[in-house]
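Enquirer: The structure is given below, and queries will be raised subsequently.
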Amino acid sequence: MNRELLEQLCQANAIAANEGQVRRILREYGSPFCDALWSDGLGSLIFTQEGQGPTVMVAAHMDEVGFMVRAISESGLLTVMPVGSVRVFSRLMQEVVVTVEDGREYFGILNGEYDAEAKEVKNLYVDLGQDSREQVQEMGVQAGDMITFASSFREYPGGRLAAKALDDRAGCYVMAEAMKRMASQAHPNRICYAATSSEEVGTRGGRTAAHMVQPDLCIVLDVACHSNEWVRNHTNMRQIGRGIMLEHYDKTMVANRELVRQVRLAAKDLGLSLQDDMLAGGGTDGGVIHTSGNGCPTIVLGIPLRYGHSPYSIGCWQDMEDGIALLCRLLTSLDQTVRDKALF
């Protein structure tokens, strides 16, 4: 496991359309392992390892849920706008970081007013400890600045960890480590690893990256968590330490059945457990990638977490290591024959 890389990715701050910190980490880490590096018009990074077979796209999104400065009050409080679907009670009394245009970062307290009838937190604001608009403006804070949770990276006993932004820095980590391994392995494909922009606000970077890559097959790496951590039975297929999730269905996509078969075969060959998951709501970059161009057979692999879209999520190192091994096996086995079977 590469603790340093995952910690760097999670500690970076990057809401939709403001993913520069994550881009820099991935560019520096991944450049030695690719033949070409390019980007789409939204800032998604695409690392390419050339090959003679079909173009296989791997996608994981860079952005995290967070907030944006909306205005500064006369008393120096920042009114803020959520960017992405932040958990309701994660909007109350949380320490956050405000990143201003020149890169300076300021800690503050996020708070708001809970509306019990609407079950929503309204009138969100950040208190930087100042007393006037002028004091805050002198710090360089202005409308549009990024606000993210000020969480630390923690390792827990038993190979578990807690951090912010594991959605989807866990996917970025698995993708980057797989790219490193694949750089020294023979494979039948042209592989494009896409670190996408703006997934949390409507899977926007997945669409534009797919337009550039024009993939023949796609593997999306994302995460999911169960809504009730007291439930650890057969109805919870998102349990950490139980293996990668094979996503059969979500609101935006139904998995290609041949790719489902290929994932099962690869997991069996490696002796890895899979969790068969379905999402009643929501979606991933797979929703827009599988409808790109003339259509692209797509599969979504999920990394199980606890407490997504909050200041801390809990994950498991072994799940991510299983994800790297599974992804590498797929990238060495998916070829023109598999693509033909996926379509005919």
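Residue numbering restarts at 1 in every chain; chains get A, B, ... in the order shown in the structure tokens, and ligands count up from 1 in that same order.
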Would you list the contacts of Ala71 in chain A as an mmCIF file with all heavy atoms, in the first residue's frame, taking every protein, DNA or RNA residue within 12 Å and counting only C-alpha atoms, but skipping same-chain residues closer than 6 positions in sequence?

Expert:
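Once written, part-v1.cif looks like this:
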```
data_model
loop_
_atom_site.group_PDB
_atom_site.id
_atom_site.type_symbol
_atom_site.label_atom_id
_atom_site.label_comp_id
_atom_site.auth_asym_id
_atom_site.auth_seq_id
_atom_site.Cartn_x
_atom_site.Cartn_y
_atom_site.Cartn_z
ATOM 1 N N LEU A 77 -19.060 37.239 8.604
ATOM 2 C CA LEU A 77 -19.444 35.844 8.393
ATOM 3 C C LEU A 77 -19.581 35.580 6.892
ATOM 4 O O LEU A 77 -20.058 36.435 6.134
ATOM 5 C CB LEU A 77 -20.768 35.535 9.091
ATOM 6 C CG LEU A 77 -20.775 35.663 10.618
ATOM 7 C CD1 LEU A 77 -22.183 35.416 11.147
ATOM 8 C CD2 LEU A 77 -19.786 34.702 11.255
ATOM 9 N N LEU A 78 -19.172 34.363 6.462
ATOM 10 C CA LEU A 78 -19.282 33.982 5.061
ATOM 11 C C LEU A 78 -20.568 33.191 4.870
ATOM 12 O O LEU A 78 -20.764 32.160 5.512
ATOM 13 C CB LEU A 78 -18.106 33.099 4.638
ATOM 14 C CG LEU A 78 -16.691 33.550 4.996
ATOM 15 C CD1 LEU A 78 -15.690 32.540 4.468
ATOM 16 C CD2 LEU A 78 -16.415 34.943 4.472
ATOM 17 N N THR A 79 -21.464 33.661 4.029
ATOM 18 C CA THR A 79 -22.581 32.810 3.642
ATOM 19 C C THR A 79 -22.069 31.881 2.540
ATOM 20 O O THR A 79 -21.270 32.283 1.690
ATOM 21 C CB THR A 79 -23.779 33.622 3.150
ATOM 22 O OG1 THR A 79 -23.401 34.395 1.985
ATOM 23 C CG2 THR A 79 -24.263 34.561 4.233
ATOM 24 N N VAL A 80 -22.518 30.625 2.581
ATOM 25 C CA VAL A 80 -21.913 29.636 1.701
ATOM 26 C C VAL A 80 -22.963 28.817 0.968
ATOM 27 O O VAL A 80 -24.112 28.693 1.408
ATOM 28 C CB VAL A 80 -20.965 28.689 2.483
ATOM 29 C CG1 VAL A 80 -19.884 29.482 3.182
ATOM 30 C CG2 VAL A 80 -21.723 27.832 3.484
ATOM 31 N N MET A 81 -22.551 28.244 -0.150
ATOM 32 C CA MET A 81 -23.379 27.400 -1.005
ATOM 33 C C MET A 81 -22.789 25.996 -1.040
ATOM 34 O O MET A 81 -21.605 25.839 -1.312
ATOM 35 C CB MET A 81 -23.391 27.972 -2.430
ATOM 36 C CG MET A 81 -24.069 27.093 -3.457
ATOM 37 S SD MET A 81 -25.859 27.152 -3.339
ATOM 38 C CE MET A 81 -26.173 28.804 -3.976
ATOM 39 N N ASN A 123 -29.385 28.553 5.855
ATOM 40 C CA ASN A 123 -28.599 29.721 6.249
ATOM 41 C C ASN A 123 -27.178 29.323 6.672
ATOM 42 O O ASN A 123 -26.691 29.716 7.732
ATOM 43 C CB ASN A 123 -29.305 30.475 7.383
ATOM 44 C CG ASN A 123 -30.681 30.963 6.981
ATOM 45 O OD1 ASN A 123 -30.887 31.379 5.843
ATOM 46 N ND2 ASN A 123 -31.632 30.899 7.901
ATOM 47 N N LEU A 124 -26.521 28.558 5.821
ATOM 48 C CA LEU A 124 -25.161 28.106 6.104
ATOM 49 C C LEU A 124 -24.192 29.282 6.115
ATOM 50 O O LEU A 124 -24.273 30.188 5.271
ATOM 51 C CB LEU A 124 -24.710 27.107 5.038
ATOM 52 C CG LEU A 124 -25.284 25.690 5.123
ATOM 53 C CD1 LEU A 124 -24.937 24.923 3.863
ATOM 54 C CD2 LEU A 124 -24.752 24.984 6.346
ATOM 55 N N TYR A 125 -23.271 29.240 7.061
ATOM 56 C CA TYR A 125 -22.239 30.273 7.113
ATOM 57 C C TYR A 125 -20.947 29.690 7.677
ATOM 58 O O TYR A 125 -20.940 28.641 8.316
ATOM 59 C CB TYR A 125 -22.703 31.452 7.978
ATOM 60 C CG TYR A 125 -22.851 31.130 9.456
ATOM 61 C CD1 TYR A 125 -21.782 31.314 10.346
ATOM 62 C CD2 TYR A 125 -24.056 30.650 9.967
ATOM 63 C CE1 TYR A 125 -21.921 31.024 11.697
ATOM 64 C CE2 TYR A 125 -24.195 30.357 11.313
ATOM 65 C CZ TYR A 125 -23.131 30.534 12.178
ATOM 66 O OH TYR A 125 -23.254 30.237 13.508
ATOM 67 N N VAL A 126 -19.849 30.369 7.419
ATOM 68 C CA VAL A 126 -18.546 30.029 7.990
ATOM 69 C C VAL A 126 -18.045 31.214 8.790
ATOM 70 O O VAL A 126 -18.047 32.360 8.302
ATOM 71 C CB VAL A 126 -17.523 29.647 6.897
ATOM 72 C CG1 VAL A 126 -16.116 29.549 7.477
ATOM 73 C CG2 VAL A 126 -17.910 28.324 6.253
ATOM 74 N N ARG A 133 -16.564 42.726 7.490
ATOM 75 C CA ARG A 133 -16.323 42.383 6.095
ATOM 76 C C ARG A 133 -14.924 42.819 5.673
ATOM 77 O O ARG A 133 -14.224 42.096 4.953
ATOM 78 C CB ARG A 133 -17.379 43.054 5.213
ATOM 79 C CG ARG A 133 -17.176 42.780 3.723
ATOM 80 C CD ARG A 133 -18.174 43.538 2.870
ATOM 81 N NE ARG A 133 -19.527 43.012 3.069
ATOM 82 C CZ ARG A 133 -20.586 43.754 3.305
ATOM 83 N NH1 ARG A 133 -20.453 45.075 3.421
ATOM 84 N NH2 ARG A 133 -21.777 43.227 3.452
ATOM 85 N N VAL A 136 -12.176 40.352 6.677
ATOM 86 C CA VAL A 136 -12.200 39.143 5.858
ATOM 87 C C VAL A 136 -11.672 39.430 4.456
ATOM 88 O O VAL A 136 -10.902 38.637 3.889
ATOM 89 C CB VAL A 136 -13.629 38.571 5.805
ATOM 90 C CG1 VAL A 136 -13.729 37.431 4.799
ATOM 91 C CG2 VAL A 136 -14.049 38.083 7.187
ATOM 92 N N GLN A 137 -12.049 40.554 3.892
ATOM 93 C CA GLN A 137 -11.557 40.897 2.558
ATOM 94 C C GLN A 137 -10.045 41.121 2.551
ATOM 95 O O GLN A 137 -9.364 40.788 1.578
ATOM 96 C CB GLN A 137 -12.282 42.145 2.048
ATOM 97 C CG GLN A 137 -13.734 41.892 1.695
ATOM 98 C CD GLN A 137 -14.485 43.151 1.309
ATOM 99 O OE1 GLN A 137 -14.152 44.265 1.754
ATOM 100 N NE2 GLN A 137 -15.516 42.999 0.488
ATOM 101 N N VAL A 141 -10.283 36.774 0.996
ATOM 102 C CA VAL A 141 -11.473 35.959 0.775
ATOM 103 C C VAL A 141 -12.451 36.716 -0.117
ATOM 104 O O VAL A 141 -12.684 37.917 0.069
ATOM 105 C CB VAL A 141 -12.154 35.602 2.113
ATOM 106 C CG1 VAL A 141 -13.415 34.788 1.876
ATOM 107 C CG2 VAL A 141 -11.186 34.837 3.008
ATOM 108 N N GLN A 142 -13.038 35.982 -1.071
ATOM 109 C CA GLN A 142 -14.014 36.594 -1.961
ATOM 110 C C GLN A 142 -15.021 35.544 -2.425
ATOM 111 O O GLN A 142 -14.821 34.338 -2.227
ATOM 112 C CB GLN A 142 -13.325 37.229 -3.175
ATOM 113 C CG GLN A 142 -12.466 36.273 -3.967
ATOM 114 C CD GLN A 142 -11.660 36.965 -5.050
ATOM 115 O OE1 GLN A 142 -12.000 38.053 -5.512
ATOM 116 N NE2 GLN A 142 -10.583 36.323 -5.476
ATOM 117 N N ALA A 143 -16.104 36.005 -3.016
ATOM 118 C CA ALA A 143 -17.131 35.100 -3.506
ATOM 119 C C ALA A 143 -16.526 34.110 -4.500
ATOM 120 O O ALA A 143 -15.694 34.471 -5.338
ATOM 121 C CB ALA A 143 -18.259 35.891 -4.163
ATOM 122 N N GLY A 144 -16.965 32.839 -4.394
ATOM 123 C CA GLY A 144 -16.474 31.793 -5.289
ATOM 124 C C GLY A 144 -15.335 30.980 -4.715
ATOM 125 O O GLY A 144 -14.965 29.953 -5.298
ATOM 126 N N ASP A 145 -14.754 31.411 -3.581
ATOM 127 C CA ASP A 145 -13.652 30.649 -2.992
ATOM 128 C C ASP A 145 -14.141 29.292 -2.486
ATOM 129 O O ASP A 145 -15.274 29.134 -2.047
ATOM 130 C CB ASP A 145 -13.013 31.429 -1.834
ATOM 131 C CG ASP A 145 -12.116 32.563 -2.310
ATOM 132 O OD1 ASP A 145 -11.743 32.573 -3.501
ATOM 133 O OD2 ASP A 145 -11.792 33.446 -1.489
#
```

Enquirer: Where does range 271-294 of chain A meet range 231-254 of chain A within 6 Å, residue by residue, with the nearest atom pair and distance in Å to one decimal for each, counting only C-alpha atoms, listed by chain and rising number, as a tab-separated table?

Expert:
```
residue	atom	partner	partner_atom	distance
A:Ser273	CA	A:Gly243	CA	5.1
A:Leu274	CA	A:Gly243	CA	5.2
A:Gln275	CA	A:Met245	CA	4.5
A:Asp276	CA	A:Leu246	CA	5.0
A:Asp277	CA	A:Glu247	CA	4.9
A:Met278	CA	A:Tyr249	CA	4.8
A:Leu279	CA	A:Asp250	CA	4.5
A:Ala280	CA	A:Asp250	CA	5.9
A:Gly281	CA	A:Lys251	CA	5.1
A:Gly282	CA	A:Lys251	CA	5.6
A:Gly283	CA	A:Thr252	CA	5.5
A:Gly287	CA	A:Thr252	CA	4.7
```

Enquirer: Would you output that residue set with N, CA and C atoms, as a PDB file, in the first residue's frame?

Expert:
```pdb
ATOM      1  N   SER A 273     -13.056 -11.746  -3.124  1.00  0.00           N
ATOM      2  CA  SER A 273     -14.492 -11.661  -2.875  1.00  0.00           C
ATOM      3  C   SER A 273     -15.066 -10.440  -3.573  1.00  0.00           C
ATOM      4  N   LEU A 274     -16.307 -10.571  -4.030  1.00  0.00           N
ATOM      5  CA  LEU A 274     -17.053  -9.462  -4.609  1.00  0.00           C
ATOM      6  C   LEU A 274     -18.343  -9.267  -3.831  1.00  0.00           C
ATOM      7  N   GLN A 275     -18.797  -8.027  -3.776  1.00  0.00           N
ATOM      8  CA  GLN A 275     -20.107  -7.713  -3.209  1.00  0.00           C
ATOM      9  C   GLN A 275     -21.014  -7.246  -4.351  1.00  0.00           C
ATOM     10  N   ASP A 276     -22.109  -7.953  -4.565  1.00  0.00           N
ATOM     11  CA  ASP A 276     -23.038  -7.614  -5.648  1.00  0.00           C
ATOM     12  C   ASP A 276     -23.959  -6.500  -5.186  1.00  0.00           C
ATOM     13  N   ASP A 277     -23.754  -5.313  -5.739  1.00  0.00           N
ATOM     14  CA  ASP A 277     -24.464  -4.147  -5.244  1.00  0.00           C
ATOM     15  C   ASP A 277     -25.348  -3.535  -6.322  1.00  0.00           C
ATOM     16  N   MET A 278     -26.398  -2.870  -5.882  1.00  0.00           N
ATOM     17  CA  MET A 278     -27.280  -2.100  -6.753  1.00  0.00           C
ATOM     18  C   MET A 278     -27.662  -0.817  -6.026  1.00  0.00           C
ATOM     19  N   LEU A 279     -27.721   0.297  -6.743  1.00  0.00           N
ATOM     20  CA  LEU A 279     -28.063   1.589  -6.163  1.00  0.00           C
ATOM     21  C   LEU A 279     -29.450   1.995  -6.634  1.00  0.00           C
ATOM     22  N   ALA A 280     -30.367   2.171  -5.687  1.00  0.00           N
ATOM     23  CA  ALA A 280     -31.723   2.573  -6.053  1.00  0.00           C
ATOM     24  C   ALA A 280     -31.753   3.993  -6.600  1.00  0.00           C
ATOM     25  N   GLY A 281     -30.847   4.834  -6.141  1.00  0.00           N
ATOM     26  CA  GLY A 281     -30.770   6.210  -6.612  1.00  0.00           C
ATOM     27  C   GLY A 281     -29.329   6.583  -6.885  1.00  0.00           C
ATOM     28  N   GLY A 282     -29.132   7.766  -7.406  1.00  0.00           N
ATOM     29  CA  GLY A 282     -27.783   8.243  -7.663  1.00  0.00           C
ATOM     30  C   GLY A 282     -27.163   7.597  -8.886  1.00  0.00           C
ATOM     31  N   GLY A 283     -25.889   7.909  -9.109  1.00  0.00           N
ATOM     32  CA  GLY A 283     -25.188   7.376 -10.265  1.00  0.00           C
ATOM     33  C   GLY A 283     -23.722   7.747 -10.212  1.00  0.00           C
ATOM     34  N   GLY A 287     -22.750   6.617 -15.957  1.00  0.00           N
ATOM     35  CA  GLY A 287     -24.018   6.976 -16.568  1.00  0.00           C
ATOM     36  C   GLY A 287     -23.868   7.770 -17.846  1.00  0.00           C
TER      37      GLY A 287
END
```

Enquirer: Looking at A:Glu19, A:Glu113, A:Glu199, A:Glu177, which one is nearest to Glu321 in chain A, with distances taken over only C-alpha atoms?

Expert: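 Of all the options, A:Glu177 lies closest to Glu321 in chain A.
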
Enquirer: Would you return as a list in words the members of range 286-322 of chain A that DSSP assigns to alpha helix (DSSP H) on this structure's backbone?

Expert: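 Taking range 286-322 of chain A and keeping alpha helix (DSSP H) gives Gly286, Gly287, Val288, Ile289, Trp317, Gln318, Asp319, Met320, Glu321 and Asp322 of chain A.
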
Enquirer: Could those residues be written to a file, using N, CA and C atoms, as a CSV table (one decimal), in the first residue's frame?

Expert:
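Below you can see again.csv, which holds the result:
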```csv
chain,number,residue,atom,x,y,z
A,286,GLY,N,-20.2,6.5,-14.9
A,286,GLY,CA,-20.6,5.5,-15.9
A,286,GLY,C,-21.9,5.8,-16.6
A,287,GLY,N,-22.8,6.6,-16.0
A,287,GLY,CA,-24.0,7.0,-16.6
A,287,GLY,C,-23.9,7.8,-17.8
A,288,VAL,N,-22.9,8.7,-17.9
A,288,VAL,CA,-22.7,9.5,-19.1
A,288,VAL,C,-21.7,8.8,-20.0
A,289,ILE,N,-20.7,8.0,-19.5
A,289,ILE,CA,-19.7,7.4,-20.4
A,289,ILE,C,-20.3,6.3,-21.2
A,317,TRP,N,-7.9,-0.7,3.7
A,317,TRP,CA,-6.7,-0.8,2.8
A,317,TRP,C,-6.9,-2.0,1.9
A,318,GLN,N,-7.3,-3.2,2.5
A,318,GLN,CA,-7.4,-4.4,1.7
A,318,GLN,C,-8.4,-4.3,0.5
A,319,ASP,N,-9.5,-3.6,0.7
A,319,ASP,CA,-10.4,-3.4,-0.4
A,319,ASP,C,-9.8,-2.6,-1.5
A,320,MET,N,-9.0,-1.6,-1.2
A,320,MET,CA,-8.3,-0.9,-2.3
A,320,MET,C,-7.2,-1.7,-2.9
A,321,GLU,N,-6.5,-2.5,-2.2
A,321,GLU,CA,-5.5,-3.4,-2.8
A,321,GLU,C,-6.2,-4.4,-3.7
A,322,ASP,N,-7.3,-5.0,-3.2
A,322,ASP,CA,-8.1,-5.9,-4.1
A,322,ASP,C,-8.5,-5.2,-5.3
```

Enquirer: Using only C-alpha atoms, pick whichever of A:Glu138, A:Asp335, A:Asp285, A:Glu120 has the shortest atom-to-atom distance to Leu301 in chain A.

Expert: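 Among A:Glu138, A:Asp335, A:Asp285, A:Glu120, it is A:Asp285 that comes nearest to Leu301 in chain A.
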
Enquirer: Would you kindly return, as a PyMOL selection string, each protein, DNA or RNA residue with an atom no farther than 10 Å from any atom of Gln214 in chain A, considering only C-alpha atoms and excluding same-chain residues fewer than 3 positions away?

Expert: chain A and resi 55-57+192+208-211+217-218+289+292-296

Enquirer: Output N, CA and C atoms for every residue in the selection just made, as a short mmCIF file (atom, residue, chain, number, x, y, z; two decimals), in the first residue's frame.

Expert:
```cif
data_model
loop_
_atom_site.label_atom_id
_atom_site.label_comp_id
_atom_site.auth_asym_id
_atom_site.auth_seq_id
_atom_site.Cartn_x
_atom_site.Cartn_y
_atom_site.Cartn_z
N THR A 55 -9.62 0.59 -27.16
CA THR A 55 -9.36 1.63 -26.18
C THR A 55 -10.21 1.38 -24.95
N VAL A 56 -9.53 1.10 -23.83
CA VAL A 56 -10.22 0.85 -22.57
C VAL A 56 -10.04 2.08 -21.69
N MET A 57 -11.12 2.67 -21.25
CA MET A 57 -11.09 3.85 -20.39
C MET A 57 -11.32 3.43 -18.95
N CYS A 192 -6.67 4.29 -21.34
CA CYS A 192 -6.75 5.71 -20.99
C CYS A 192 -7.31 5.83 -19.57
N THR A 208 -17.22 14.77 -20.87
CA THR A 208 -16.26 15.41 -21.76
C THR A 208 -15.00 14.56 -21.96
N ALA A 209 -14.57 13.84 -20.92
CA ALA A 209 -13.41 12.96 -21.06
C ALA A 209 -13.71 11.83 -22.03
N ALA A 210 -14.90 11.26 -21.95
CA ALA A 210 -15.28 10.19 -22.87
C ALA A 210 -15.34 10.69 -24.30
N HIS A 211 -15.77 11.94 -24.48
CA HIS A 211 -15.82 12.52 -25.82
C HIS A 211 -14.42 12.58 -26.43
N LEU A 217 -14.42 0.28 -24.38
CA LEU A 217 -14.87 -0.33 -23.13
C LEU A 217 -14.52 0.62 -22.00
N CYS A 218 -15.25 0.56 -20.90
CA CYS A 218 -14.94 1.47 -19.78
C CYS A 218 -15.15 0.77 -18.44
N ILE A 289 -20.71 8.04 -19.49
CA ILE A 289 -19.71 7.41 -20.36
C ILE A 289 -20.35 6.31 -21.20
N SER A 292 -21.86 7.62 -24.31
CA SER A 292 -21.03 8.50 -25.14
C SER A 292 -20.87 7.92 -26.53
N GLY A 293 -20.70 8.80 -27.51
CA GLY A 293 -20.52 8.35 -28.89
C GLY A 293 -21.67 7.47 -29.34
N ASN A 294 -21.33 6.28 -29.85
CA ASN A 294 -22.33 5.32 -30.26
C ASN A 294 -22.71 4.36 -29.14
N GLY A 295 -22.20 4.63 -27.93
CA GLY A 295 -22.44 3.75 -26.79
C GLY A 295 -21.19 2.96 -26.46
N CYS A 296 -20.95 2.75 -25.18
CA CYS A 296 -19.72 2.09 -24.72
C CYS A 296 -20.05 1.10 -23.61
#
```

Enquirer: Tell me which of A:Cys10, A:Met139, A:Ile219, A:Val88 sits closest to Leu26 in chain A, counting only C-alpha atoms.

Expert: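 Among A:Cys10, A:Met139, A:Ile219, A:Val88, it is A:Cys10 that comes nearest to Leu26 in chain A.
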